Each structure stands twice: as structure tokens, then as C-alpha cells.
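Listing of target-v2.tsv; format and content: TSV, C-alpha atoms.
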```tsv
chain	number	residue	atom	x	y	z
A	1	MET	CA	50.50	96.23	90.35
A	2	GLN	CA	51.36	96.91	86.71
A	3	LYS	CA	49.19	93.99	85.54
A	4	ALA	CA	46.37	95.28	87.72
A	5	GLY	CA	46.50	98.69	86.02
A	6	LEU	CA	48.25	100.39	88.96
A	7	SER	CA	51.52	101.22	87.23
A	8	GLN	CA	51.01	104.95	87.89
A	9	PHE	CA	50.95	104.39	91.66
A	10	HIS	CA	54.68	105.03	91.92
A	11	GLY	CA	54.50	106.36	95.46
A	12	THR	CA	52.67	103.26	96.67
A	13	GLN	CA	55.18	100.94	95.00
A	14	LEU	CA	58.09	102.87	96.48
A	15	LYS	CA	56.62	102.75	99.99
A	16	LEU	CA	55.95	99.03	99.64
A	17	LEU	CA	59.57	98.37	98.62
A	18	ASN	CA	60.85	100.43	101.54
A	19	GLY	CA	58.39	98.68	103.86
A	20	VAL	CA	59.63	95.28	102.69
A	21	PHE	CA	63.20	96.42	103.36
A	22	LEU	CA	62.35	97.44	106.92
A	23	VAL	CA	60.58	94.13	107.59
A	24	VAL	CA	63.59	92.18	106.29
A	25	LEU	CA	65.89	94.37	108.39
A	26	PHE	CA	63.94	93.63	111.57
A	27	ALA	CA	63.19	89.99	110.67
A	28	PRO	CA	65.75	88.56	113.14
A	29	PHE	CA	64.08	90.48	115.96
A	30	LEU	CA	60.66	89.16	114.88
A	31	ALA	CA	62.01	85.62	114.94
A	32	LEU	CA	63.60	86.21	118.34
A	33	GLY	CA	60.31	87.59	119.69
A	34	PHE	CA	58.41	84.55	118.45
A	35	ARG	CA	61.03	82.22	119.97
A	36	THR	CA	60.66	84.07	123.30
A	37	LEU	CA	56.88	83.62	123.20
A	38	GLN	CA	57.33	79.89	122.58
A	39	THR	CA	59.82	79.62	125.45
A	40	ASN	CA	57.34	81.31	127.79
A	41	GLY	CA	54.59	78.94	126.70
A	42	VAL	CA	52.48	81.59	124.94
A	43	ALA	CA	52.81	80.02	121.46
A	44	SER	CA	54.29	76.66	122.37
A	45	GLN	CA	51.71	74.72	120.35
A	46	LEU	CA	52.30	76.76	117.20
A	47	ASN	CA	55.10	75.32	115.08
A	48	LEU	CA	55.96	77.45	112.06
A	49	ASN	CA	59.42	76.02	111.41
A	50	LEU	CA	59.91	75.17	107.73
A	51	SER	CA	62.38	72.32	108.25
A	52	ASP	CA	60.02	70.66	110.76
A	53	MET	CA	57.20	70.96	108.23
A	54	VAL	CA	59.34	69.33	105.54
A	55	VAL	CA	60.36	66.49	107.88
A	56	SER	CA	56.75	65.86	108.87
A	57	TYR	CA	55.67	65.84	105.23
A	58	TYR	CA	58.49	63.40	104.39
A	59	LEU	CA	57.65	61.00	107.22
A	60	ASN	CA	54.01	60.96	106.11
A	61	GLY	CA	55.09	59.78	102.65
A	62	GLY	CA	54.90	63.12	100.92
A	63	PHE	CA	57.98	62.46	98.76
A	64	GLU	CA	60.69	59.83	98.32
A	65	MET	CA	64.26	60.52	99.31
A	66	LYS	CA	66.99	58.91	101.36
A	67	ALA	CA	66.64	60.02	104.96
A	68	SER	CA	70.37	60.76	105.19
A	69	ASP	CA	70.19	63.00	102.11
A	70	LEU	CA	67.24	64.90	103.57
A	71	GLU	CA	69.03	65.34	106.87
A	72	GLY	CA	72.12	66.63	105.07
A	73	LEU	CA	70.00	69.05	103.06
A	74	ILE	CA	68.30	70.38	106.18
A	75	HIS	CA	71.64	70.89	107.94
A	76	ALA	CA	73.41	72.31	104.86
A	77	ARG	CA	72.94	75.94	105.90
A	78	ASP	CA	74.15	75.35	109.46
A	79	THR	CA	77.13	73.38	108.18
A	80	PHE	CA	78.06	76.12	105.70
A	81	ILE	CA	77.75	78.88	108.31
A	82	LEU	CA	79.82	76.87	110.80
A	83	ASN	CA	82.53	76.27	108.18
A	84	VAL	CA	82.65	79.97	107.32
A	85	MET	CA	82.75	81.05	110.95
A	86	THR	CA	85.57	78.62	111.73
A	87	GLY	CA	87.34	78.95	108.37
A	88	THR	CA	87.13	75.23	107.68
A	89	GLY	CA	87.73	74.15	104.10
A	90	LEU	CA	88.93	75.89	100.96
A	91	ALA	CA	85.45	77.10	99.94
A	92	ALA	CA	84.89	78.76	103.33
A	93	LYS	CA	88.27	80.48	103.19
A	94	ALA	CA	87.53	81.71	99.66
A	95	VAL	CA	84.16	83.14	100.79
A	96	ILE	CA	85.83	84.89	103.73
A	97	ALA	CA	88.61	86.31	101.53
A	98	VAL	CA	86.19	87.60	98.87
A	99	PHE	CA	83.88	89.16	101.46
A	100	VAL	CA	86.68	90.86	103.39
A	101	ALA	CA	88.28	92.18	100.17
A	102	GLY	CA	84.94	93.41	98.81
A	103	LEU	CA	84.02	95.03	102.12
A	104	ALA	CA	87.38	96.81	102.32
A	105	ILE	CA	87.26	98.02	98.70
A	106	GLY	CA	83.61	99.09	99.02
A	107	THR	CA	84.28	100.97	102.25
A	108	LEU	CA	87.28	102.79	100.79
A	109	ARG	CA	85.26	103.63	97.68
A	110	LEU	CA	82.43	105.01	99.84
A	111	ILE	CA	84.83	107.16	101.86
A	112	PHE	CA	86.43	108.51	98.69
A	113	SER	CA	82.99	109.16	97.15
A	114	VAL	CA	81.83	111.11	100.19
A	115	PHE	CA	85.05	113.14	100.03
A	116	CYS	CA	84.43	113.96	96.33
A	117	LEU	CA	80.87	115.01	97.14
A	118	TYR	CA	82.11	117.15	100.03
A	119	ARG	CA	84.56	118.93	97.73
A	120	ILE	CA	81.84	119.70	95.18
A	121	VAL	CA	79.51	121.13	97.83
A	122	ALA	CA	82.31	122.97	99.68
A	123	ASN	CA	83.49	124.66	96.46
A	124	SER	CA	79.95	125.79	95.58
A	125	TYR	CA	78.60	129.28	96.23
A	126	GLY	CA	75.67	129.92	98.55
A	127	TRP	CA	72.71	131.42	96.65
A	128	ARG	CA	69.57	130.99	98.73
A	129	LYS	CA	68.66	129.40	102.03
A	130	PHE	CA	65.46	128.77	103.88
A	131	GLY	CA	65.17	126.65	107.00
A	132	ARG	CA	67.60	123.75	106.77
A	133	VAL	CA	67.81	123.88	102.96
A	134	ARG	CA	70.79	125.52	101.27
A	135	ILE	CA	70.68	126.21	97.53
A	136	MET	CA	74.16	126.28	96.07
A	137	LEU	CA	75.65	127.21	92.68
A	138	SER	CA	78.53	125.21	91.29
A	139	ASP	CA	80.88	125.53	88.36
A	140	ARG	CA	82.01	121.92	88.78
A	141	THR	CA	78.80	120.11	87.90
A	142	LEU	CA	76.55	120.04	84.86
A	143	VAL	CA	73.69	118.19	86.56
A	144	PRO	CA	71.56	119.46	89.45
A	145	PHE	CA	71.60	117.24	92.52
A	146	SER	CA	70.68	117.25	96.17
A	147	THR	CA	72.39	115.81	99.22
A	148	ARG	CA	72.48	116.40	102.93
A	149	GLY	CA	74.86	116.79	105.82
A	150	LEU	CA	74.33	116.07	109.49
A	151	TRP	CA	71.81	118.91	109.76
A	152	ASN	CA	71.36	120.84	106.50
A	153	TYR	CA	70.11	119.80	103.06
A	154	TYR	CA	71.97	121.00	99.98
A	155	VAL	CA	70.52	121.54	96.50
A	156	VAL	CA	73.42	122.14	94.10
A	157	LEU	CA	72.67	123.73	90.72
A	158	PRO	CA	75.03	124.37	87.78
A	159	SER	CA	75.87	128.07	87.59
A	160	HIS	CA	74.85	128.36	83.94
A	161	MET	CA	71.23	127.61	84.89
A	162	LEU	CA	70.82	131.14	86.22
A	163	GLY	CA	70.34	132.22	82.61
A	164	GLN	CA	67.91	129.38	81.82
A	165	SER	CA	64.78	130.04	83.81
A	166	HIS	CA	62.85	126.94	82.69
A	167	GLU	CA	65.63	124.50	83.57
A	168	LEU	CA	66.22	126.31	86.86
A	169	LYS	CA	62.54	126.07	87.77
A	170	VAL	CA	62.31	122.36	86.92
A	171	SER	CA	65.54	121.51	88.72
A	172	LEU	CA	64.57	123.32	91.91
A	173	ALA	CA	61.09	121.79	91.98
A	174	HIS	CA	62.46	118.30	91.39
A	175	GLU	CA	65.27	118.38	93.94
A	176	LEU	CA	63.16	120.04	96.64
A	177	GLN	CA	60.57	117.30	96.13
A	178	HIS	CA	63.29	114.73	96.80
A	179	VAL	CA	64.05	116.54	100.05
A	180	ARG	CA	60.38	116.52	101.07
A	181	GLN	CA	60.00	112.80	100.30
A	182	GLY	CA	62.96	111.78	102.45
A	183	ASP	CA	64.76	110.28	99.43
A	184	LEU	CA	68.14	111.56	100.59
A	185	GLU	CA	68.00	109.58	103.83
A	186	TRP	CA	67.14	106.40	101.93
A	187	GLU	CA	69.97	107.03	99.46
A	188	ILE	CA	72.45	107.36	102.32
A	189	VAL	CA	71.26	104.04	103.78
A	190	LEU	CA	71.52	102.30	100.39
A	191	GLU	CA	75.04	103.53	99.72
A	192	ALA	CA	76.13	102.61	103.24
A	193	LEU	CA	74.86	99.04	102.75
A	194	LYS	CA	76.51	98.48	99.36
A	195	PRO	CA	79.91	97.43	100.77
A	196	ILE	CA	78.19	94.79	102.92
A	197	PHE	CA	75.82	93.36	100.29
A	198	PHE	CA	78.05	93.75	97.23
A	199	LEU	CA	77.78	89.99	96.54
A	200	ASN	CA	73.99	89.92	96.85
A	201	PRO	CA	72.32	90.30	93.41
A	202	PHE	CA	68.91	90.79	95.01
A	203	PHE	CA	70.14	93.85	96.87
A	204	HIS	CA	71.40	95.48	93.66
A	205	ALA	CA	68.15	94.67	91.81
A	206	TRP	CA	66.11	96.06	94.70
A	207	LYS	CA	68.27	99.20	94.90
A	208	ARG	CA	67.84	99.84	91.17
A	209	GLN	CA	64.07	99.41	91.46
A	210	VAL	CA	63.93	101.84	94.38
A	211	GLU	CA	65.94	104.43	92.44
A	212	GLU	CA	63.65	104.14	89.41
A	213	LEU	CA	60.43	104.39	91.43
A	214	ARG	CA	61.90	107.30	93.37
A	215	GLU	CA	62.34	109.29	90.15
A	216	PHE	CA	58.94	108.30	88.76
A	217	ASN	CA	57.25	109.32	92.00
A	218	CYS	CA	59.12	112.63	92.15
A	219	ASP	CA	58.22	113.44	88.53
A	220	SER	CA	54.54	112.71	89.09
A	221	LYS	CA	54.42	114.76	92.30
A	222	VAL	CA	56.02	117.80	90.64
A	223	LEU	CA	53.79	117.61	87.56
A	224	SER	CA	50.62	117.04	89.62
A	225	LYS	CA	50.99	120.51	91.14
A	226	GLY	CA	50.35	122.06	87.70
A	227	ILE	CA	53.06	124.71	88.06
A	228	ILE	CA	55.27	123.18	85.34
A	229	ASP	CA	53.84	121.84	82.09
A	230	VAL	CA	54.79	118.38	80.88
A	231	ARG	CA	56.59	119.55	77.74
A	232	THR	CA	58.89	121.93	79.63
A	233	TYR	CA	59.63	119.23	82.16
A	234	CYS	CA	60.51	116.59	79.54
A	235	ASP	CA	62.58	119.07	77.50
A	236	THR	CA	64.61	119.85	80.61
A	237	LEU	CA	65.25	116.16	81.28
A	238	LEU	CA	66.43	115.64	77.70
A	239	SER	CA	68.61	118.74	77.72
A	240	ILE	CA	70.33	117.90	81.00
A	241	CYS	CA	70.80	114.27	80.02
A	242	GLN	CA	72.87	115.46	77.07
A	243	SER	CA	75.06	117.30	79.56
A	244	THR	CA	75.54	114.20	81.70
A	245	LEU	CA	77.25	112.46	78.77
A	246	ARG	CA	80.10	114.97	79.19
A	247	ARG	CA	80.23	114.81	83.01
A	248	ASP	CA	83.49	114.62	84.91
A	249	ARG	CA	84.67	111.56	86.78
A	250	ALA	CA	84.53	113.16	90.23
A	251	PHE	CA	80.80	113.83	89.83
A	252	VAL	CA	80.12	110.22	88.80
A	253	ILE	CA	81.92	108.87	91.86
A	254	ALA	CA	80.46	111.34	94.36
A	255	VAL	CA	77.77	109.75	96.54
A	256	PRO	CA	75.37	109.79	98.30
A	257	LYS	CA	73.34	112.21	96.21
A	258	VAL	CA	70.12	112.31	94.20
A	259	THR	CA	70.46	113.83	90.71
A	260	LEU	CA	67.84	115.25	88.40
A	261	VAL	CA	68.77	112.82	85.62
A	262	THR	CA	71.51	110.33	84.80
A	263	ALA	CA	72.74	108.83	81.55
A	264	ASP	CA	71.66	105.18	81.70
A	265	ARG	CA	74.07	103.28	79.46
A	266	SER	CA	73.02	99.84	80.74
A	267	SER	CA	70.05	99.89	78.38
A	268	ASN	CA	72.46	99.57	75.45
A	269	TRP	CA	73.26	95.95	76.30
A	270	ASN	CA	70.26	94.60	78.24
A	271	ASN	CA	67.61	95.54	75.61
A	272	ARG	CA	65.44	97.43	78.08
A	273	PRO	CA	64.13	100.99	77.81
A	274	SER	CA	66.51	103.57	79.23
A	275	MET	CA	65.63	105.29	82.48
A	276	LEU	CA	65.21	108.60	80.66
A	277	GLU	CA	62.85	107.09	78.10
A	278	SER	CA	60.77	105.48	80.84
A	279	ARG	CA	60.55	108.74	82.76
A	280	VAL	CA	59.48	110.74	79.71
A	281	LEU	CA	56.82	108.16	78.79
A	282	SER	CA	55.61	108.04	82.37
A	283	ALA	CA	55.32	111.84	82.48
A	284	LEU	CA	53.40	111.94	79.20
A	285	GLU	CA	51.03	109.15	80.26
A	286	ALA	CA	50.55	110.42	83.80
A	287	ARG	CA	47.04	110.59	85.17
A	288	PRO	CA	45.68	111.58	88.58
A	289	VAL	CA	45.85	108.77	91.14
A	290	ARG	CA	43.71	108.59	94.25
A	291	PHE	CA	43.57	106.59	97.46
A	292	GLN	CA	47.30	105.83	97.39
A	293	ARG	CA	47.52	105.70	101.17
A	294	LEU	CA	44.56	103.31	101.41
A	295	LEU	CA	46.05	101.06	98.73
A	296	PHE	CA	49.42	101.12	100.48
A	297	LEU	CA	47.95	100.02	103.81
A	298	THR	CA	45.82	97.36	102.10
A	299	LEU	CA	48.83	95.80	100.37
A	300	LEU	CA	51.33	96.33	103.19
A	301	LEU	CA	49.44	94.22	105.74
A	302	PRO	CA	49.56	90.91	103.79
A	303	LEU	CA	53.16	91.61	102.73
A	304	VAL	CA	54.30	92.20	106.31
A	305	THR	CA	52.39	89.12	107.49
A	306	ALA	CA	53.90	86.87	104.79
A	307	LEU	CA	57.43	88.16	105.38
A	308	SER	CA	57.12	87.83	109.15
A	309	ILE	CA	55.89	84.23	108.91
A	310	THR	CA	58.67	83.44	106.43
A	311	ALA	CA	61.29	84.99	108.73
A	312	VAL	CA	60.10	82.79	111.58
A	313	ALA	CA	59.81	79.70	109.37
A	314	VAL	CA	63.37	79.77	108.00
A	315	GLN	CA	65.01	79.91	111.43
A	316	ARG	CA	66.77	76.80	112.68
A	317	PRO	CA	64.54	74.77	115.04
A	318	GLY	CA	65.14	75.23	118.72
A	319	ASP	CA	64.53	71.80	120.25
A	320	TRP	CA	64.37	68.32	118.80
A	321	SER	CA	60.77	67.64	117.82
A	322	GLN	CA	59.27	64.17	117.64
A	323	ASP	CA	59.46	64.22	113.83
A	324	ARG	CA	63.15	65.14	113.86
A	325	LEU	CA	63.88	62.37	116.35
A	326	MET	CA	62.04	59.98	114.05
A	327	LEU	CA	64.10	61.20	111.07
A	328	SER	CA	67.30	60.70	113.04
A	329	THR	CA	66.19	57.17	113.89
A	330	VAL	CA	65.50	56.41	110.22
A	331	VAL	CA	68.94	57.78	109.28
A	332	ASN	CA	70.61	55.54	111.88
A	333	LEU	CA	68.68	52.54	110.60
A	334	GLU	CA	69.81	53.34	107.05
A	335	ARG	CA	73.41	53.49	108.22
A	336	LEU	CA	73.12	50.19	110.11
A	337	ASP	CA	71.57	48.60	107.06
A	338	GLU	CA	74.44	49.89	104.93
A	339	ILE	CA	77.01	48.56	107.42
A	340	ASN	CA	75.31	45.15	107.49
A	341	ARG	CA	75.15	45.07	103.69
A	342	LEU	CA	78.87	45.86	103.37
A	343	SER	CA	79.70	43.27	106.07
A	344	THR	CA	77.68	40.58	104.33
A	345	PHE	CA	79.23	41.45	100.98
A	346	GLY	CA	82.72	41.16	102.53
A	347	ARG	CA	82.02	37.71	104.00
A	348	ILE	CA	80.70	36.45	100.67
A	349	ARG	CA	83.86	37.60	98.88
A	350	ASN	CA	86.02	35.89	101.47
```

Could you render the structure as C-alpha cells?
Amino acid sequence: MQKAGLSQFHGTQLKLLNGVFLVVLFAPFLALGFRTLQTNGVASQLNLNLSDMVVSYYLNGGFEMKASDLEGLIHARDTFILNVMTGTGLAAKAVIAVFVAGLAIGTLRLIFSVFCLYRIVANSYGWRKFGRVRIMLSDRTLVPFSTRGLWNYYVVLPSHMLGQSHELKVSLAHELQHVRQGDLEWEIVLEALKPIFFLNPFFHAWKRQVEELREFNCDSKVLSKGIIDVRTYCDTLLSICQSTLRRDRAFVIAVPKVTLVTADRSSNWNNRPSMLESRVLSALEARPVRFQRLLFLTLLLPLVTALSITAVAVQRPGDWSQDRLMLSTVVNLERLDEINRLSTFGRIRN
């Protein structure tokens, strides 16, 4: 989308990422539904299994490889999963130990983080409320943030902002926009999944991308209303970011929450623009965008289709197809040939 000149369509990119997440989440059910249709004879002639496609391509001379090596490669995932489930082998035991330890540590960290967040909100003072939104003032935080409970939403502002009307206006507009966009619910889901996917680098990269697009989209939505000028908005981001460099440890740990701005120190070692710099540049270069919903639907359909087909294709095959029986026959012939070769070699030596 950036190469196509659609980098300002932050809302569309964010919805696409969330849509991809939902498709991946429900992929097993899609595969199960397709398997049910095949069992009932509705799609029995349609074979979308990737391993069957590879076997067919191999048997037709598509590439050269020992049949036994190909069979081992195809069954590698099932073998690994079986070893992990049964705890067979040192590697499987190591994977189990690392996962269990990481899950336990991540869960304890999440519980402690929620407790820290609860203490910050509980020790805040109620200032305004309308509907399910509660605006709180806190002496324990230097950065505005929003979170939610089982029913109510909470926007927590530093107490000193009462004397800084511009920062107060920007902070309220930004955090209330997060509430309207449903960002708090997504943040809760992401934090809840971290202990499970702590070993998955793709999850962490995806989470970071979602967080960045969430802020870009919120900034553009607030500025598009024309109530706050760009300079005031950017000055507030810079001013509050200076405060985050002196933040306390309890605030850093407390999750799940969505803050106005964070100090991104990772840019110091990965040679990429900081999150704050990217947000300021995005705000200064912002232009009106139209037809975001139409673009989202146009791009979502092929994405969902591709992911659904992929989810079905990577499942293990149900029954033995003719090609897989042929591959098994070739493997057995290879083994017989190897046995005969070793037997002949032994007789010659004798």
C-alpha cells in the first residue's frame, strides 16, 4: 500500500491487519468445514492439499529427489508434533520445557501488570463521567492513557494537565478516539495472547505493526476534525514524550492500556525512525483520504480468499490418495534396492 501511494490510509491498513488476524484465528474451523464438505461428497473432487500437490508434481518429474527424503519431509511436521505431544526425544522435551516456562512467566507477568494498572486507576480521582466513560486524574502517571474494565472505560490524565489546556485538550481527544475505535479491546486481546505466542517472532512483529498503525490512525482521525491544529498536536506529543523518559517502573509494566505517546528506545539500535518521529512526520504530511471503506473491502476479499485456501492446503491429508500410494511404492522399491545392493556387496566381500 505504501508503494501504491496509499501510506496515509492508516485505518484501512489497521483493519486489514486485524482482519488477517481473525482469519488466521478461525483458520482451523475453515479447514474443518472444508473437510466436512469433502466427507459429505460436496467437494470430494476438489483437492487443495499442498502435500498432495507436491507429491503429484514430483511423480510427474517436476523435480529430482529421493522418494524417501520427500516422504520424510512431508511427514516432518506430523513427526515433530507427535514427538512433542508424547515427549519423545531431547529436542521435544526442551521445546516443552521452554514453552511451559515461558507461558508461566508470561502469565504471572500479565497478572502482575494488570494489578499495577488496577492500582493506578484505583488511586486516581474521578473528574468527569459520561455514559460508560470515566475521566480520572492521577498523581502517579506523567502520560495520559486509557483502559477499560468489565463495563466502564477509563481515561486517566496526569493531574498537572489541568493547568495546561492545550495538552489536556489533545490528550482527551486522542484517548477518547481510541475508545471509539475499539483499540482497547484489541490491546487486551494482544496482551492476553503474548504468553502463548512469546516464541513466535511473527506475532511480535505483527503486534508492533498494529500498535504503530493504531497510533497513526488515531492521530489522523483527531486532526481531520479540525478542532486541534497540527502544531499544537505535535508540540504536545514532543512535550509528553520528554515526560515518559522519567516515568516510573510501575507505569511501564502496567498493561493492558493505550497511551498517548511512548519513548521508543528500540530505534537507537535498529537504525529505524522512532515511533514519535514517524507520528510527527505523518501528522505534518497528512492529507484527506477518501473511500477507505471501499478500499478495505476490495483488498480484504482477496486476502481472506488466499488465507482460507492456504489454511486448507497446509492441513494433513485425510485419506491416502493414488499419488501418495504411488510415492509409498517408490519408497519401498528404493528400500528393497538398497537392501539388495547391501546384500550383493556383502557376498562379494565374502

Problem - Shell around segment 134-151 of chain A at 6 Å using all atoms listed in the file, local window under 4 positions removed, as a list in words - result: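 Residues near the query, excluding close chain neighbours: Ser124, Tyr125, Gly126, Trp127, Arg128, Lys129, Val155, Val156, Leu157, Pro158, Ser159, Glu175, Lys257, Val258, Thr259 and Leu260 of chain A.
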
Exercise for the section: Could you give me, as an MDAnalysis selection string, the residues within 12 Å of Val98 of chain A, counting all atoms listed in the file and dropping anything in the same chain fewer than 3 positions from it? Expected result: chainID A and resid 84 91:95 101:106 195:199

Practice task
Determine, counting all atoms listed in the file, which protein, DNA and RNA residues have an atom within 10 Å of an atom of Ile111 of chain A; residues of the same chain fewer than 6 positions away are not included. Present the result as a ChimeraX atom specification.
Solution key: /A:105,117,192,254-255

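Note that atom CA of Lys15 of chain A and atom CA of Val304 of chain A are 12.5 Å apart.
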
Problem - Atomic separation - atom CA of Gln177 of chain A relative to atom CA of Ile227 of chain A, Å - result: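 Computing the Euclidean distance for atom CA of Ile227 of chain A and atom CA of Gln177 of chain A yields 13.3 Å.
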
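Interatomic distance, atom CA of Phe296 of chain A against atom CA of Ser220 of chain A: 17.0 Å.
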
Problem - Nearest to Phe80 of chain A, chosen from A:Ser68, A:Asn152, A:Ile96, A:Gly5, with only C-alpha atoms counted in the distances - result: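 Between A:Ser68, A:Asn152, A:Ile96, A:Gly5, the residue approaching Phe80 of chain A most closely is A:Ile96.
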
Please determine an axis-aligned box that encloses all atoms of segment 174-186 of chain A listed in the file, with 5 Å added on each side, and express its centre and edge lengths in Å to one decimal as lines of an AutoDock Vina configuration file.
```
center_x = 64.1
center_y = 113.2
center_z = 97.6
size_x = 18.1
size_y = 23.6
size_z = 22.4
```

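Closest approach to Ser328 of chain A among A:Leu70, A:Val23, A:Val261, A:Leu16: A:Leu70, based on all atoms listed in the file.
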
Handout entry: Neighbour list for Leu301 of chain A as a list in words, cut-off 12 Å, only C-alpha atoms, skip fewer than 5 positions in-chain
Key =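 Residues meeting the cut-off are Leu16, Gly19, Val20, Val23, Leu294, Leu295, Phe296, Ala306, Leu307 and Ser308 of chain A.
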
Handout entry: Nearest candidate to Asp183 of chain A (options A:Val312, A:Val24, A:Val210, A:Leu48; using only C-alpha atoms)
Key = A:Val210

Handout entry: Near-His174 of chain A list (9 Å; only C-alpha atoms; drop same-chain fewer than 2 positions) as a list in words
Key = Lys169, Val170, Ser171, Leu172, Leu176, Gln177, His178, Val179, Cys218, Asp219, Lys221, Val222 and Leu260 of chain A

Kindly export the residues of the current selection with C-alpha atoms, as a PDB file, keeping the file's coordinate frame.
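Heads up, here's the output in result.pdb:
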```pdb
ATOM      1  CA  LYS A 169      62.540 126.070  87.770  1.00  0.00           C
ATOM      2  CA  VAL A 170      62.310 122.360  86.920  1.00  0.00           C
ATOM      3  CA  SER A 171      65.540 121.510  88.720  1.00  0.00           C
ATOM      4  CA  LEU A 172      64.570 123.320  91.910  1.00  0.00           C
ATOM      5  CA  LEU A 176      63.160 120.040  96.640  1.00  0.00           C
ATOM      6  CA  GLN A 177      60.570 117.300  96.130  1.00  0.00           C
ATOM      7  CA  HIS A 178      63.290 114.730  96.800  1.00  0.00           C
ATOM      8  CA  VAL A 179      64.050 116.540 100.050  1.00  0.00           C
ATOM      9  CA  CYS A 218      59.120 112.630  92.150  1.00  0.00           C
ATOM     10  CA  ASP A 219      58.220 113.440  88.530  1.00  0.00           C
ATOM     11  CA  LYS A 221      54.420 114.760  92.300  1.00  0.00           C
ATOM     12  CA  VAL A 222      56.020 117.800  90.640  1.00  0.00           C
ATOM     13  CA  LEU A 260      67.840 115.250  88.400  1.00  0.00           C
TER      14      LEU A 260
END
```

Exercise for the section: Identify which of the residues A:Thr262, A:Thr310, A:Gln181, A:Asn340 lies closest to Gln242 of chain A, counting all atoms listed in the file when measuring atom-to-atom distances. Expected result: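 Smallest separation from Gln242 of chain A among the options: A:Thr262.
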